[in-house]
file entry.txt (compact mmCIF, C-alpha atoms)
# COMPACT_ATOMS: atom_id res chain seq x y z
CA MET K 186 11.05 36.58 76.32
CA HIS K 187 8.03 37.96 74.53
CA LEU K 188 4.75 37.03 76.12
CA VAL K 189 2.88 37.18 72.83
CA TYR K 190 4.18 33.89 71.39
CA PRO K 191 3.10 31.54 74.19
CA ALA K 192 -0.15 33.48 74.67
CA VAL K 193 -1.08 33.09 70.99
CA LEU K 194 -0.13 29.42 71.03
CA ALA K 195 -2.17 28.86 74.20
CA SER K 196 -5.18 30.64 72.73
CA LEU K 197 -4.97 28.50 69.57
CA LEU K 198 -4.72 25.33 71.67
CA PHE K 199 -7.67 26.41 73.77
CA ALA K 200 -9.73 27.24 70.66
CA VAL K 201 -9.00 23.83 69.11
CA GLY K 202 -9.93 22.15 72.39
CA LEU K 203 -13.15 24.13 72.68
CA TYR K 204 -14.08 23.22 69.11
CA GLY K 205 -13.42 19.57 69.92
CA VAL K 206 -15.65 19.69 72.99
CA LEU K 207 -18.50 21.37 71.14
CA ALA K 208 -18.33 19.52 67.81
CA ARG K 209 -17.27 15.95 68.62
CA ARG K 210 -19.64 13.14 69.37
CA ASN K 211 -17.17 10.52 70.54
CA ALA K 212 -16.62 10.71 74.30
CA ILE K 213 -12.92 9.86 74.06
CA LEU K 214 -12.32 12.72 71.62
CA VAL K 215 -14.18 15.05 74.00
CA LEU K 216 -11.83 14.00 76.80
CA MET K 217 -8.82 14.63 74.54
CA SER K 218 -10.18 18.08 73.75
CA VAL K 219 -10.51 18.86 77.46
CA GLU K 220 -6.87 17.83 77.85
CA LEU K 221 -5.91 20.29 75.10
CA MET K 222 -7.72 23.04 76.94
CA LEU K 223 -5.94 22.19 80.21
CA ASN K 224 -2.58 22.21 78.42
CA ALA K 225 -3.34 25.68 77.07
CA VAL K 226 -3.99 26.86 80.62
CA ASN K 227 -0.73 25.25 81.78
CA LEU K 228 1.19 27.01 79.02
CA ASN K 229 -0.28 30.36 80.08
CA LEU K 230 0.57 29.73 83.74
CA VAL K 231 4.19 28.95 83.00
CA ALA K 232 4.56 31.80 80.49
CA PHE K 233 3.18 34.38 82.89
CA ASP K 234 5.30 32.97 85.72
CA VAL K 235 8.44 33.46 83.62
CA TRP K 236 7.32 36.87 82.39
CA LEU K 237 6.55 38.19 85.87
CA ARG K 238 9.74 36.64 87.32
CA ASP K 239 7.87 35.39 90.36
CA ALA K 240 10.25 34.43 93.18
CA LEU K 241 7.89 31.75 94.50
CA HIS K 242 7.20 30.25 91.05
CA ALA K 243 3.50 30.09 91.83
CA GLY K 244 2.55 29.56 88.17
CA GLN K 245 4.76 26.52 87.87
CA ALA K 246 3.48 25.09 91.15
CA LEU K 247 -0.10 25.60 90.05
CA THR K 248 0.75 23.91 86.75
CA LEU K 249 1.89 20.81 88.64
CA PHE K 250 -1.44 20.69 90.48
CA THR K 251 -3.29 21.13 87.20
CA ILE K 252 -1.36 18.25 85.63
CA ALA K 253 -2.22 16.01 88.61
CA ILE K 254 -5.90 16.93 88.35
CA ALA K 255 -5.85 16.32 84.60
CA ALA K 256 -4.32 12.87 85.11
CA ALA K 257 -7.01 11.95 87.64
CA GLU K 258 -9.72 13.35 85.36
CA ILE K 259 -8.55 11.35 82.36
CA GLY K 260 -8.28 8.16 84.41
CA ILE K 261 -11.77 8.40 85.87
CA GLY K 262 -13.26 9.73 82.63
CA LEU K 263 -11.77 6.91 80.58
CA ALA K 264 -13.04 4.33 83.07
CA ILE K 265 -16.55 5.79 82.82
CA VAL K 266 -16.41 5.84 79.02
CA LEU K 267 -15.25 2.22 78.90
CA MET K 268 -18.05 1.10 81.22
CA VAL K 269 -20.64 2.98 79.17
CA TYR K 270 -19.24 1.44 75.99
CA ARG K 271 -19.36 -2.01 77.54
CA ASN K 272 -22.99 -1.57 78.65
CA ARG K 273 -24.37 0.39 75.68
CA GLY K 274 -22.13 -0.64 72.81
CA THR K 275 -21.36 2.93 71.76
CA SER K 276 -19.40 5.90 73.01
CA ASP K 277 -21.44 8.39 70.97
CA VAL K 278 -22.42 11.24 73.28
CA ASP K 279 -25.69 11.95 71.44
CA ARG K 280 -26.92 8.38 71.90
CA LEU K 281 -26.31 8.43 75.63
CA ARG K 282 -29.13 10.83 76.44
CA ASP K 283 -31.28 8.08 78.00
CA THR K 284 -28.75 7.59 80.81
CA ALA K 285 -29.90 10.84 82.41
CA GLU K 286 -31.44 10.65 85.85
CA GLY K 287 -35.18 10.05 85.96
CA HIS K 288 -35.46 8.63 82.45
CA GLU K 289 -35.59 4.88 82.15
CA PRO K 290 -35.42 3.14 78.78
CA ALA K 291 -38.60 1.39 77.68
CA ARG K 292 -38.61 -2.37 78.17
CA THR K 293 -40.35 -4.78 75.87
CA ASP K 294 -40.00 -7.98 77.86
CA ASP K 295 -42.49 -9.52 80.28
CA THR K 296 -41.01 -7.94 83.42
CA THR K 297 -42.85 -4.66 82.82
CA ALA K 298 -46.24 -6.28 82.41
CA ARG K 299 -48.63 -5.91 85.30
CA PRO K 300 -49.26 -9.02 87.31
CA GLU K 301 -52.84 -10.15 87.20
CA VAL K 302 -54.70 -9.72 90.44
CA SER K 303 -56.91 -12.67 91.33
CA ALA K 304 -60.23 -11.81 92.89

call {"tool": "encode", "arguments": {"input": "entry.txt", "output": "structure tokens"}}
result
Amino acid sequence: MHLVYPAVLASLLFAVGLYGVLARRNAILVLMSVELMLNAVNLNLVAFDVWLRDALHAGQALTLFTIAIAAAEIGIGLAIVLMVYRNRGTSDVDRLRDTAEGHEPARTDDTTARPEVSA
């Protein structure tokens, strides 16, 4: 088996995933792009395992661990995105800048007004 074909396919998958991470604004599409990048890594692991004819099949074993980590990542990431969408009403990554630590959104109701001190 030639190593060039899966390596080129994996590099194209990784490039598409990297473009999706850098260019997309929707958080779900960013998560899908990360999955594409992980699948490119899995393809490289299996291709190099077959090419090197490893007796222990370390590439395939590592691929199974990567798939398990990717499943956990997508489950937790999707739960976070759904909670943010429920609270904020959008999953746009650019509009979620005010959720950073130390920055509270400005309130306009009466709870931020200072209580009057009686003398």

call {"tool": "residues_around", "arguments": {"input": "entry.txt", "residues": "Leu263 (chain K)", "least_positions_apart": "5", "cutoff": "12 Å", "atoms": "all atoms listed in the file", "output": "list in words"}}
result
Asn211, Ala212, Ile213, Leu214, Val215, Leu216, Met217, Ala255, Ala256, Ala257, Glu258, Met268, Val269, Tyr270 and Ser276 of chain K

call {"tool": "residues_around", "arguments": {"input": "entry.txt", "residues": "region 242-250 of chain K", "least_positions_apart": "2", "cutoff": "10 Å", "atoms": "only C-alpha atoms", "output": "ChimeraX atom specification"}}
result
/K:223-224,226-235,237-240,252-256

call {"tool": "closest_residue", "arguments": {"input": "entry.txt", "among": "K:Val193, K:Val266, K:Ser218, K:Thr251", "to": "Leu281 (chain K)", "atoms": "all atoms listed in the file"}}
result
K:Val266

call {"tool": "closest_residue", "arguments": {"input": "entry.txt", "among": "K:Thr275, K:Met222, K:Arg280, K:Ala264", "to": "Ser196 (chain K)", "atoms": "all atoms listed in the file"}}
result
K:Met222

call {"tool": "atom_distance", "arguments": {"input": "entry.txt", "atom1": "CA of Leu188 (chain K)", "atom2": "CA of Ala225 (chain K)"}}
result
14.0 Å

call {"tool": "closest_residue", "arguments": {"input": "entry.txt", "among": "K:Leu221, K:Trp236, K:Arg209, K:Gly202", "to": "His187 (chain K)", "atoms": "only C-alpha atoms"}}
result
K:Trp236

call {"tool": "atom_distance", "arguments": {"input": "entry.txt", "atom1": "CA of Val206 (chain K)", "atom2": "CA of Val219 (chain K)"}}
result
6.9 Å

call {"tool": "atom_distance", "arguments": {"input": "entry.txt", "atom1": "CA of Arg210 (chain K)", "atom2": "CA of Asp277 (chain K)"}}
result
5.3 Å

call {"tool": "decode", "arguments": {"input": "entry.txt", "residues": "region 202-218 of chain K", "atoms": "all heavy atoms", "output": "short mmCIF file (atom, residue, chain, number, x, y, z; two decimals), in the first residue's frame"}}
result
data_model
loop_
_atom_site.label_atom_id
_atom_site.label_comp_id
_atom_site.auth_asym_id
_atom_site.auth_seq_id
_atom_site.Cartn_x
_atom_site.Cartn_y
_atom_site.Cartn_z
N GLY K 202 -10.76 21.02 8.13
CA GLY K 202 -11.13 21.20 9.53
C GLY K 202 -10.53 22.45 10.13
O GLY K 202 -11.18 23.18 10.87
N LEU K 203 -9.28 22.73 9.80
CA LEU K 203 -8.63 23.94 10.30
C LEU K 203 -9.29 25.20 9.76
O LEU K 203 -9.50 26.17 10.48
CB LEU K 203 -7.15 23.92 9.94
CG LEU K 203 -6.29 25.04 10.51
CD1 LEU K 203 -6.24 24.95 12.02
CD2 LEU K 203 -4.89 24.97 9.93
N TYR K 204 -9.66 25.17 8.49
CA TYR K 204 -10.40 26.30 7.91
C TYR K 204 -11.73 26.48 8.62
O TYR K 204 -12.14 27.61 8.90
CB TYR K 204 -10.63 26.08 6.41
CG TYR K 204 -11.54 27.11 5.81
CD1 TYR K 204 -11.09 28.41 5.56
CD2 TYR K 204 -12.86 26.80 5.50
CE1 TYR K 204 -11.93 29.36 5.03
CE2 TYR K 204 -13.70 27.75 4.96
CZ TYR K 204 -13.24 29.03 4.73
OH TYR K 204 -14.07 29.97 4.20
N GLY K 205 -12.41 25.38 8.92
CA GLY K 205 -13.69 25.47 9.62
C GLY K 205 -13.56 26.04 11.01
O GLY K 205 -14.40 26.81 11.46
N VAL K 206 -12.49 25.70 11.71
CA VAL K 206 -12.28 26.23 13.06
C VAL K 206 -11.98 27.73 13.00
O VAL K 206 -12.48 28.51 13.82
CB VAL K 206 -11.15 25.47 13.77
CG1 VAL K 206 -10.70 26.19 15.03
CG2 VAL K 206 -11.60 24.07 14.12
N LEU K 207 -11.19 28.14 12.02
CA LEU K 207 -10.77 29.54 11.96
C LEU K 207 -11.82 30.45 11.34
O LEU K 207 -11.90 31.63 11.68
CB LEU K 207 -9.46 29.65 11.18
CG LEU K 207 -8.25 28.98 11.82
CD1 LEU K 207 -7.04 29.10 10.90
CD2 LEU K 207 -7.96 29.57 13.18
N ALA K 208 -12.65 29.94 10.43
CA ALA K 208 -13.54 30.82 9.68
C ALA K 208 -14.99 30.78 10.15
O ALA K 208 -15.73 31.73 9.88
CB ALA K 208 -13.50 30.43 8.19
N ARG K 209 -15.41 29.76 10.83
CA ARG K 209 -16.82 29.64 11.20
C ARG K 209 -17.13 30.43 12.46
O ARG K 209 -16.29 30.62 13.32
CB ARG K 209 -17.20 28.17 11.42
CG ARG K 209 -17.05 27.34 10.20
CD ARG K 209 -18.04 27.75 9.18
NE ARG K 209 -17.81 26.99 7.94
CZ ARG K 209 -18.37 27.29 6.82
NH1 ARG K 209 -19.18 28.31 6.72
NH2 ARG K 209 -18.13 26.58 5.75
N ARG K 210 -18.38 30.86 12.53
CA ARG K 210 -18.83 31.58 13.71
C ARG K 210 -19.78 30.75 14.56
O ARG K 210 -19.94 31.01 15.73
CB ARG K 210 -19.52 32.87 13.29
CG ARG K 210 -18.59 33.84 12.64
CD ARG K 210 -19.27 35.10 12.33
NE ARG K 210 -18.32 36.01 11.68
CZ ARG K 210 -18.58 37.25 11.42
NH1 ARG K 210 -19.75 37.75 11.73
NH2 ARG K 210 -17.69 38.00 10.84
N ASN K 211 -20.41 29.78 13.96
CA ASN K 211 -21.35 28.94 14.69
C ASN K 211 -20.57 27.89 15.49
O ASN K 211 -19.69 27.22 14.96
CB ASN K 211 -22.29 28.25 13.70
CG ASN K 211 -23.45 27.57 14.38
OD1 ASN K 211 -23.45 27.40 15.59
ND2 ASN K 211 -24.42 27.18 13.59
N ALA K 212 -20.89 27.76 16.76
CA ALA K 212 -20.13 26.87 17.64
C ALA K 212 -20.29 25.40 17.25
O ALA K 212 -19.35 24.62 17.40
CB ALA K 212 -20.57 27.08 19.09
N ILE K 213 -21.44 25.02 16.74
CA ILE K 213 -21.64 23.63 16.33
C ILE K 213 -20.78 23.30 15.12
O ILE K 213 -20.20 22.22 15.03
CB ILE K 213 -23.13 23.35 16.08
CG1 ILE K 213 -23.89 23.50 17.40
CG2 ILE K 213 -23.35 21.99 15.47
CD1 ILE K 213 -25.36 23.33 17.29
N LEU K 214 -20.65 24.23 14.18
CA LEU K 214 -19.79 24.00 13.03
C LEU K 214 -18.32 23.96 13.42
O LEU K 214 -17.53 23.24 12.82
CB LEU K 214 -20.03 25.08 11.97
CG LEU K 214 -21.40 25.02 11.28
CD1 LEU K 214 -21.54 26.16 10.29
CD2 LEU K 214 -21.60 23.70 10.59
N VAL K 215 -17.95 24.70 14.45
CA VAL K 215 -16.58 24.63 14.96
C VAL K 215 -16.31 23.25 15.56
O VAL K 215 -15.25 22.66 15.33
CB VAL K 215 -16.32 25.76 15.99
CG1 VAL K 215 -15.01 25.57 16.70
CG2 VAL K 215 -16.36 27.12 15.31
N LEU K 216 -17.27 22.71 16.30
CA LEU K 216 -17.12 21.37 16.85
C LEU K 216 -17.02 20.32 15.75
O LEU K 216 -16.24 19.37 15.85
CB LEU K 216 -18.28 21.04 17.79
CG LEU K 216 -18.27 21.75 19.14
CD1 LEU K 216 -19.56 21.45 19.89
CD2 LEU K 216 -17.08 21.33 19.95
N MET K 217 -17.80 20.48 14.68
CA MET K 217 -17.72 19.55 13.56
C MET K 217 -16.37 19.64 12.87
O MET K 217 -15.81 18.62 12.42
CB MET K 217 -18.85 19.82 12.57
CG MET K 217 -20.21 19.42 13.07
SD MET K 217 -21.57 19.89 12.00
CE MET K 217 -21.15 19.06 10.51
N SER K 218 -15.81 20.82 12.81
CA SER K 218 -14.49 20.99 12.20
C SER K 218 -13.41 20.34 13.05
O SER K 218 -12.46 19.76 12.51
CB SER K 218 -14.19 22.48 12.01
OG SER K 218 -15.14 23.06 11.14
#
